[in-house]
Each structure stands twice: as structure tokens, then as C-alpha cells.
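Trainee: Can you keep this structure in mind? I'll have questions shortly.
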Amino acid sequence: MSPALCTSDRPIFVLGCPRSGTTLLQLMLHSHPRIAIPAETRFLLNVYRARINFGDLGDPENRRMLARWITDRKETKFGDLGLDADQVVEEIVAGPPTVGSAIGIVFRSYARSHGKPRWGDKRPSYFKHIPTLQRMFPNAQFIHLIRDGRDCVASLQEMPWYHLDVHHAISAWREAIDTGRKMADRLGPDTFYELQYERLVADPADELTRLCAFLGEEFHPSMADPRDVAKETVPSRKKWHDRTHSAVTPTRVGSWAQRLEPWQIALAETAFGDRLTDYGYEPSGLPKPSAAQLARLARTSTHRRMAQRKADLRDLWRRRNEPGPVECRLEPVQAAEPVEG
């Protein structure tokens, strides 16, 4: 084993278009003996957005208020982490006075509860917030999972929690791809990694070995079959994740052909343009959609861009008024003994 391996404590963020397989990848990473990534949480971005409300975190009582905001609110899903809330609160109060440090303490505590030195987080929409994540965790690594956009659109349309139409679903995949490409160029190969779902499920061991090399970790065979981890961490109420309880297979690859209507396929392919073929996905050859459908897609895309622009402006205002630094200032954890594969 190379001495450069198994020494990193860089946070890991998994992101991508919703329904691209990020839960499967999260389970695979969580199966690694050194990495702990919980099921999707709901506090990281919310803490960042609310940072002005907590005041100067140099005041221990303000750090306590922030800590209780994380641990006591049902919306944060802190309870799903299985941690002692009071202990985490005291760690945050005793820790560095930044929101990044407070968040890092929560995830570090989760990793510690699993006997692991390294933590990460998964949320598909993180692709929209990479600069924010970098502000808090400058040494973070990002994994962008890419799946055939037509399969993502088909899956999104079937989700009980997805209440938008096909035009939004198509726009979401295109936004994820374009943002991912921009971030890959900006951050470089040591920080940003693209991984394709189809290759991952076809040959998990090979793709995960490459991913581990990016992370500075040794591949562990348990990563390729995360069923046991899924049984422990995927709530039974989330029926849309039932396949994580089975062996990894490529059986759902290309199922968009049966799950989408021809006009939806044509609209998606027109919207995606060369992005599909750039990643090796074959077009259907269907005729182009109607002008009315293209116009509706254009309106949806414009609306989404304007909403994102407004969100960026709100964050710019918060940055100008934030009472202190935000970056994580936790000391690196002690490197663990190498794990024999």
C-alpha cells in the first residue's frame, strides 16, 4: 500500500441530477472501512443560509444556539444520525467559532460513531452549491455521478415526492451536466471527479477502484455490494430506494425507452443536444418535438435561471452581512492504521 493512501481527511460530497444513483454511491462509499456518509441530511445548506441569525460565533452562547438549531429541529434530520445531541452541542460550543466547523463537528461525530476517520455528505442538489461548500470546506472533494438524462427524467416523473413536470426534469439534468463541466474545469482532477452510473453498475469493483484512487483511499471489496449497509441505513418508507437492498445490476439502464412517451424522449434529446453523445449515450432517432413543446421548455428553463439568479443575489447580500468567517477550522483527525483489503 502506498504511504500516500489512507491518510486523507478531506470531506467528500456526492452530487448529481436527482435519480442519477447518488444513494447507491453513498451506500458504496459508506461501506468503505474509513468513510462514513449518512443518508441525506437537511441541515448543511440551511445552517449556511441562516448564519446571520446566529450572530458572532465568537460568543459561546451563539455557538450553543447554532448547535441546538441543528440538533433540535426535526427538519434537519439530525435524529436520523443516531448521535447524542447534548454531546454534539457541547463539542460545537467548545469548537472553532465558524458555521463550517459546527457542521464538520456533526459529520465528524457521525463518522466517529462508526469507527471511521473520514466523513462525507450526499445530496443531489449540491451541484448548485459547490462554491458554498468550498467556502465552508476548502479542501473538500466532489463526486459528480452522471446517468443517462432520459433515465433520470423517467425516474423523476415516477417519484411520489417530485411534483414538477417533465420540462423541469429535463432542465434539471441539463443544469447538472453544465454545472459539473464548469466545476470540473475550475477545480481540477484532484478535487472534482465525474463518474458514470452505467459503468458503475456494470463493473462496480473497477469503477470504485478508480474512484478510490481519486479519494486517496484503497478500494475495499465491501463497497461493490452495499446491501447490508442499505438494510441498516435506508428507511423502509422510501420505497423508491428498494433496489438498494438487492445486488448491483445494470438491469434498469436504458429503461427510459419504455417509461417515457415518444414526445418526451424527443424533447429531452433536443434539449440535451450533444451532452448525451458526449457521454456515450445513443440518441433514439425520433423526430424533433413540436415548436410548442420547445417554447414551453424554454420558458421553464428561463424561470429556473431567474430563480437561481435571485438565490445567488440573496447569498451575496448575506455574505456582505455575515458576522464572521465560515470556513471549517477543525484540526485534522489522526490518521488511522491502514486497512487490509
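In the C-alpha cells, each chain is lettered A, B, ... as it comes, each chain's residues begin at 1, and ligands are numbered from 1 in order of appearance.
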Just list as a VMD selection string whatever in segment 142-324 of chain A DSSP marks as alpha helix (DSSP H).
Mentor: chain A and resid 149 to 158 166 to 187 197 to 202 204 to 215 227 to 233 256 to 259 262 to 272 274 to 278 291 to 321
Trainee: Could you name the residues that touch Arg304 of chain A at 12 Å or less, counting only C-alpha atoms, but leaving out those on the same chain fewer than 2 positions away, as an NGL selection string?
Mentor: :A and (128 or 164 or 167-172 or 174-175 or 297-302 or 306-311)
Trainee: Could you turn the residues from that selection into a file that holds N, CA and C atoms, as a tab-separated table (two decimals), in the first residue's frame?
Mentor:
chain	number	residue	atom	x	y	z
A	128	LYS	N	-25.61	22.59	-7.34
A	128	LYS	CA	-25.90	24.02	-7.45
A	128	LYS	C	-25.12	24.85	-6.43
A	164	LEU	N	-43.03	18.44	-10.05
A	164	LEU	CA	-42.84	19.28	-11.22
A	164	LEU	C	-43.05	18.47	-12.50
A	167	HIS	N	-40.69	19.13	-18.16
A	167	HIS	CA	-39.83	20.23	-18.58
A	167	HIS	C	-38.83	20.60	-17.49
A	168	HIS	N	-39.27	20.58	-16.25
A	168	HIS	CA	-38.37	20.83	-15.13
A	168	HIS	C	-37.35	19.70	-14.98
A	169	ALA	N	-37.81	18.47	-15.15
A	169	ALA	CA	-36.91	17.33	-15.02
A	169	ALA	C	-35.81	17.38	-16.08
A	170	ILE	N	-36.19	17.71	-17.30
A	170	ILE	CA	-35.20	17.85	-18.38
A	170	ILE	C	-34.22	18.98	-18.07
A	171	SER	N	-34.74	20.08	-17.60
A	171	SER	CA	-33.88	21.24	-17.28
A	171	SER	C	-32.91	20.90	-16.16
A	172	ALA	N	-33.36	20.11	-15.18
A	172	ALA	CA	-32.51	19.76	-14.04
A	172	ALA	C	-31.29	18.96	-14.50
A	174	ARG	N	-29.90	18.91	-17.52
A	174	ARG	CA	-29.03	19.78	-18.31
A	174	ARG	C	-28.23	20.72	-17.41
A	175	GLU	N	-28.88	21.26	-16.38
A	175	GLU	CA	-28.18	22.15	-15.44
A	175	GLU	C	-27.08	21.40	-14.70
A	297	LEU	N	-40.51	24.46	-22.86
A	297	LEU	CA	-39.25	24.12	-22.22
A	297	LEU	C	-38.39	25.36	-22.03
A	298	ALA	N	-38.35	26.22	-23.03
A	298	ALA	CA	-37.56	27.45	-22.94
A	298	ALA	C	-38.06	28.34	-21.81
A	299	ARG	N	-39.39	28.44	-21.66
A	299	ARG	CA	-39.95	29.26	-20.57
A	299	ARG	C	-39.57	28.67	-19.21
A	300	THR	N	-39.65	27.35	-19.11
A	300	THR	CA	-39.28	26.69	-17.85
A	300	THR	C	-37.82	26.93	-17.51
A	301	SER	N	-36.96	26.78	-18.50
A	301	SER	CA	-35.52	26.98	-18.28
A	301	SER	C	-35.22	28.41	-17.87
A	302	THR	N	-35.88	29.36	-18.51
A	302	THR	CA	-35.69	30.77	-18.15
A	302	THR	C	-36.14	31.04	-16.73
A	306	MET	N	-33.75	32.38	-13.62
A	306	MET	CA	-34.06	33.58	-12.86
A	306	MET	C	-34.15	33.28	-11.36
A	307	ALA	N	-34.75	32.14	-11.02
A	307	ALA	CA	-34.85	31.75	-9.62
A	307	ALA	C	-33.46	31.53	-9.02
A	308	GLN	N	-32.57	30.90	-9.78
A	308	GLN	CA	-31.22	30.68	-9.30
A	308	GLN	C	-30.46	32.00	-9.16
A	309	ARG	N	-30.69	32.90	-10.08
A	309	ARG	CA	-30.05	34.21	-10.01
A	309	ARG	C	-30.49	34.96	-8.76
A	310	LYS	N	-31.79	34.90	-8.44
A	310	LYS	CA	-32.28	35.54	-7.22
A	310	LYS	C	-31.65	34.92	-5.98
A	311	ALA	N	-31.52	33.61	-5.99
A	311	ALA	CA	-30.90	32.93	-4.84
A	311	ALA	C	-29.45	33.37	-4.69
Trainee: Among segment 18-213 of chain A, which residues does DSSP mark as strand (DSSP E or B) when it is run on the backbone? Keep the chain and numbering as in the structure and answer as a PyMOL selection string.
Mentor: chain A and resi 35-36+118-122+141-146+192-196
Trainee: Tell me which of A:Val89, A:Leu294, A:Leu156, A:Cys328 sits closest to Pro60 of chain A, counting only C-alpha atoms.
Mentor: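 Closest residue, counting only C-alpha atoms: A:Val89.
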Trainee: May I ask for the distance between atom CA of Tyr162 of chain A and atom CA of Ser20 of chain A, given in Å to one decimal place?
Mentor: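 That distance, rounded to one decimal, is 14.2 Å.
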Trainee: Any idea what's packed within 12 Å of Glu40 of chain A, counting only C-alpha atoms, ignoring anything in its chain fewer than 6 positions away? Could you give it as a PDB file with N, CA, C and O atoms, in the first residue's frame?
Mentor:
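And here's around31.pdb as it stands now:
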ATOM      1  N   PHE A  13     -18.191  15.111  -0.996  1.00  0.00           N
ATOM      2  CA  PHE A  13     -19.568  15.474  -1.316  1.00  0.00           C
ATOM      3  C   PHE A  13     -19.994  14.778  -2.604  1.00  0.00           C
ATOM      4  O   PHE A  13     -19.338  14.908  -3.638  1.00  0.00           O
ATOM      5  N   VAL A  14     -21.105  14.050  -2.511  1.00  0.00           N
ATOM      6  CA  VAL A  14     -21.672  13.333  -3.649  1.00  0.00           C
ATOM      7  C   VAL A  14     -22.845  14.141  -4.187  1.00  0.00           C
ATOM      8  O   VAL A  14     -23.745  14.532  -3.425  1.00  0.00           O
ATOM      9  N   LEU A  15     -22.867  14.374  -5.484  1.00  0.00           N
ATOM     10  CA  LEU A  15     -23.889  15.224  -6.077  1.00  0.00           C
ATOM     11  C   LEU A  15     -24.225  14.745  -7.481  1.00  0.00           C
ATOM     12  O   LEU A  15     -23.562  13.881  -8.045  1.00  0.00           O
ATOM     13  N   THR A  22     -27.261   8.538  -6.813  1.00  0.00           N
ATOM     14  CA  THR A  22     -26.411   9.054  -5.740  1.00  0.00           C
ATOM     15  C   THR A  22     -26.602   8.282  -4.437  1.00  0.00           C
ATOM     16  O   THR A  22     -25.658   8.174  -3.647  1.00  0.00           O
ATOM     17  N   THR A  23     -27.794   7.734  -4.184  1.00  0.00           N
ATOM     18  CA  THR A  23     -27.983   6.945  -2.969  1.00  0.00           C
ATOM     19  C   THR A  23     -27.171   5.657  -3.028  1.00  0.00           C
ATOM     20  O   THR A  23     -26.543   5.260  -2.039  1.00  0.00           O
ATOM     21  N   LEU A  24     -27.167   5.002  -4.173  1.00  0.00           N
ATOM     22  CA  LEU A  24     -26.339   3.806  -4.329  1.00  0.00           C
ATOM     23  C   LEU A  24     -24.875   4.129  -4.093  1.00  0.00           C
ATOM     24  O   LEU A  24     -24.165   3.406  -3.374  1.00  0.00           O
ATOM     25  N   GLN A  26     -23.623   6.630  -2.386  1.00  0.00           N
ATOM     26  CA  GLN A  26     -23.452   6.943  -0.968  1.00  0.00           C
ATOM     27  C   GLN A  26     -23.288   5.670  -0.142  1.00  0.00           C
ATOM     28  O   GLN A  26     -22.422   5.574   0.728  1.00  0.00           O
ATOM     29  N   LEU A  27     -24.106   4.653  -0.439  1.00  0.00           N
ATOM     30  CA  LEU A  27     -24.017   3.381   0.283  1.00  0.00           C
ATOM     31  C   LEU A  27     -22.699   2.679   0.000  1.00  0.00           C
ATOM     32  O   LEU A  27     -22.092   2.077   0.907  1.00  0.00           O
ATOM     33  N   GLU A  75     -36.671  19.125  11.087  1.00  0.00           N
ATOM     34  CA  GLU A  75     -36.382  19.326   9.674  1.00  0.00           C
ATOM     35  C   GLU A  75     -34.936  19.018   9.305  1.00  0.00           C
ATOM     36  O   GLU A  75     -34.632  18.722   8.149  1.00  0.00           O
ATOM     37  N   THR A  76     -34.028  19.106  10.262  1.00  0.00           N
ATOM     38  CA  THR A  76     -32.619  18.866   9.956  1.00  0.00           C
ATOM     39  C   THR A  76     -32.285  17.384   9.819  1.00  0.00           C
ATOM     40  O   THR A  76     -31.213  17.036   9.329  1.00  0.00           O
ATOM     41  N   LYS A  77     -33.184  16.513  10.271  1.00  0.00           N
ATOM     42  CA  LYS A  77     -32.964  15.064  10.264  1.00  0.00           C
ATOM     43  C   LYS A  77     -31.751  14.659  11.096  1.00  0.00           C
ATOM     44  O   LYS A  77     -31.147  13.603  10.869  1.00  0.00           O
ATOM     45  N   PHE A  78     -31.399  15.501  12.054  1.00  0.00           N
ATOM     46  CA  PHE A  78     -30.280  15.148  12.932  1.00  0.00           C
ATOM     47  C   PHE A  78     -30.572  13.840  13.654  1.00  0.00           C
ATOM     48  O   PHE A  78     -29.664  13.021  13.882  1.00  0.00           O
ATOM     49  N   ASP A  80     -31.822  11.199  12.676  1.00  0.00           N
ATOM     50  CA  ASP A  80     -31.511  10.003  11.883  1.00  0.00           C
ATOM     51  C   ASP A  80     -30.046   9.593  12.006  1.00  0.00           C
ATOM     52  O   ASP A  80     -29.686   8.475  11.622  1.00  0.00           O
ATOM     53  N   LEU A  81     -29.199  10.480  12.521  1.00  0.00           N
ATOM     54  CA  LEU A  81     -27.771  10.178  12.612  1.00  0.00           C
ATOM     55  C   LEU A  81     -27.433   9.285  13.800  1.00  0.00           C
ATOM     56  O   LEU A  81     -26.331   8.730  13.867  1.00  0.00           O
ATOM     57  N   PHE A 107     -20.743  15.956  11.348  1.00  0.00           N
ATOM     58  CA  PHE A 107     -20.388  14.851  10.467  1.00  0.00           C
ATOM     59  C   PHE A 107     -19.195  14.057  11.000  1.00  0.00           C
ATOM     60  O   PHE A 107     -19.138  12.828  10.834  1.00  0.00           O
ATOM     61  N   GLY A 120     -18.399  12.353   4.845  1.00  0.00           N
ATOM     62  CA  GLY A 120     -18.896  12.971   3.633  1.00  0.00           C
ATOM     63  C   GLY A 120     -20.388  13.208   3.754  1.00  0.00           C
ATOM     64  O   GLY A 120     -21.011  12.887   4.768  1.00  0.00           O
ATOM     65  N   ASP A 121     -20.968  13.759   2.711  1.00  0.00           N
ATOM     66  CA  ASP A 121     -22.403  14.024   2.687  1.00  0.00           C
ATOM     67  C   ASP A 121     -22.889  13.877   1.257  1.00  0.00           C
ATOM     68  O   ASP A 121     -22.140  14.125   0.299  1.00  0.00           O
ATOM     69  N   LYS A 122     -24.158  13.481   1.127  1.00  0.00           N
ATOM     70  CA  LYS A 122     -24.744  13.288  -0.196  1.00  0.00           C
ATOM     71  C   LYS A 122     -26.048  14.060  -0.307  1.00  0.00           C
ATOM     72  O   LYS A 122     -26.917  13.982   0.555  1.00  0.00           O
ATOM     73  N   ARG A 123     -26.156  14.826  -1.377  1.00  0.00           N
ATOM     74  CA  ARG A 123     -27.415  15.463  -1.728  1.00  0.00           C
ATOM     75  C   ARG A 123     -27.326  15.850  -3.194  1.00  0.00           C
ATOM     76  O   ARG A 123     -26.414  16.601  -3.577  1.00  0.00           O
ATOM     77  N   PRO A 124     -28.226  15.348  -4.027  1.00  0.00           N
ATOM     78  CA  PRO A 124     -28.105  15.638  -5.458  1.00  0.00           C
ATOM     79  C   PRO A 124     -27.969  17.124  -5.776  1.00  0.00           C
ATOM     80  O   PRO A 124     -27.137  17.522  -6.599  1.00  0.00           O
ATOM     81  N   SER A 125     -28.771  17.957  -5.110  1.00  0.00           N
ATOM     82  CA  SER A 125     -28.784  19.386  -5.441  1.00  0.00           C
ATOM     83  C   SER A 125     -27.511  20.112  -5.039  1.00  0.00           C
ATOM     84  O   SER A 125     -27.370  21.305  -5.342  1.00  0.00           O
ATOM     85  N   TYR A 126     -26.560  19.447  -4.410  1.00  0.00           N
ATOM     86  CA  TYR A 126     -25.301  20.105  -4.084  1.00  0.00           C
ATOM     87  C   TYR A 126     -24.586  20.604  -5.339  1.00  0.00           C
ATOM     88  O   TYR A 126     -23.691  21.454  -5.229  1.00  0.00           O
ATOM     89  N   THR A 233     -29.418   1.486   6.849  1.00  0.00           N
ATOM     90  CA  THR A 233     -29.493   2.948   6.748  1.00  0.00           C
ATOM     91  C   THR A 233     -30.595   3.488   5.851  1.00  0.00           C
ATOM     92  O   THR A 233     -30.923   4.674   5.955  1.00  0.00           O
ATOM     93  N   VAL A 234     -31.161   2.691   4.951  1.00  0.00           N
ATOM     94  CA  VAL A 234     -32.206   3.190   4.047  1.00  0.00           C
ATOM     95  C   VAL A 234     -33.568   2.936   4.681  1.00  0.00           C
ATOM     96  O   VAL A 234     -33.956   1.780   4.871  1.00  0.00           O
ATOM     97  N   PRO A 235     -34.316   3.979   5.043  1.00  0.00           N
ATOM     98  CA  PRO A 235     -35.617   3.792   5.679  1.00  0.00           C
ATOM     99  C   PRO A 235     -36.582   3.015   4.788  1.00  0.00           C
ATOM    100  O   PRO A 235     -36.629   3.225   3.575  1.00  0.00           O
ATOM    101  N   LYS A 238     -38.988   4.721   2.273  1.00  0.00           N
ATOM    102  CA  LYS A 238     -38.523   5.235   0.990  1.00  0.00           C
ATOM    103  C   LYS A 238     -38.518   4.104  -0.036  1.00  0.00           C
ATOM    104  O   LYS A 238     -37.476   3.552  -0.394  1.00  0.00           O
TER     105      LYS A 238
END
Trainee: So which residues touch Ile52 of chain A within 8 Å, counting only C-alpha atoms, skipping near sequence neighbours fewer than 4 positions away, as a PDB file with N, CA and C atoms, in the first residue's frame?
Mentor:
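Everything below was put into result-v9.pdb:
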ATOM      1  N   ARG A 318     -26.114  38.177   2.018  1.00  0.00           N
ATOM      2  CA  ARG A 318     -25.750  37.550   3.291  1.00  0.00           C
ATOM      3  C   ARG A 318     -24.243  37.587   3.497  1.00  0.00           C
ATOM      4  N   ASN A 321     -23.071  40.687   4.945  1.00  0.00           N
ATOM      5  CA  ASN A 321     -23.541  40.968   6.298  1.00  0.00           C
ATOM      6  C   ASN A 321     -23.210  39.863   7.299  1.00  0.00           C
ATOM      7  N   GLU A 322     -22.488  38.837   6.873  1.00  0.00           N
ATOM      8  CA  GLU A 322     -22.192  37.755   7.800  1.00  0.00           C
ATOM      9  C   GLU A 322     -21.220  38.245   8.874  1.00  0.00           C
ATOM     10  N   PRO A 323     -21.453  37.836  10.119  1.00  0.00           N
ATOM     11  CA  PRO A 323     -20.692  38.392  11.243  1.00  0.00           C
ATOM     12  C   PRO A 323     -19.304  37.802  11.452  1.00  0.00           C
TER      13      PRO A 323
END
Trainee: Restricting the calculation to only C-alpha atoms, which member of A:Arg296, A:Arg64, A:His30, A:Lys74 is positioned closest to Val229 of chain A?
Mentor: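 When distances to Val229 of chain A are compared using only C-alpha atoms, the smallest one comes from A:His30.
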Trainee: Neighbouring residues of Ala102 of chain A were defined as those with any atom within 12 Å, considering only C-alpha atoms; residues of the same chain fewer than 4 positions away were excluded. Please report them as a PyMOL selection string.
Mentor: chain A and resi 43-44+47-48+51+54+57+60+62-71+88-98+106-109+136-137+326-330
Trainee: Quick one, how far is atom CA of Arg42 of chain A from atom CA of Leu200 of chain A?
Mentor: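 Straight-line distance from atom CA of Arg42 of chain A to atom CA of Leu200 of chain A works out to 26.6 Å.
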Trainee: How many Å lie between atom CA of Pro325 of chain A and atom CA of Gln141 of chain A, rounded to one decimal?
Mentor: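 For atom CA of Pro325 of chain A relative to atom CA of Gln141 of chain A, the distance reads 20.7 Å.
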Trainee: Which of these, A:Ile130, A:Leu195, A:Leu260, A:Leu187, has the shortest distance to Cys152 of chain A once you count only C-alpha atoms?
Mentor: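 For Cys152 of chain A, the nearest of the candidates is A:Leu260.
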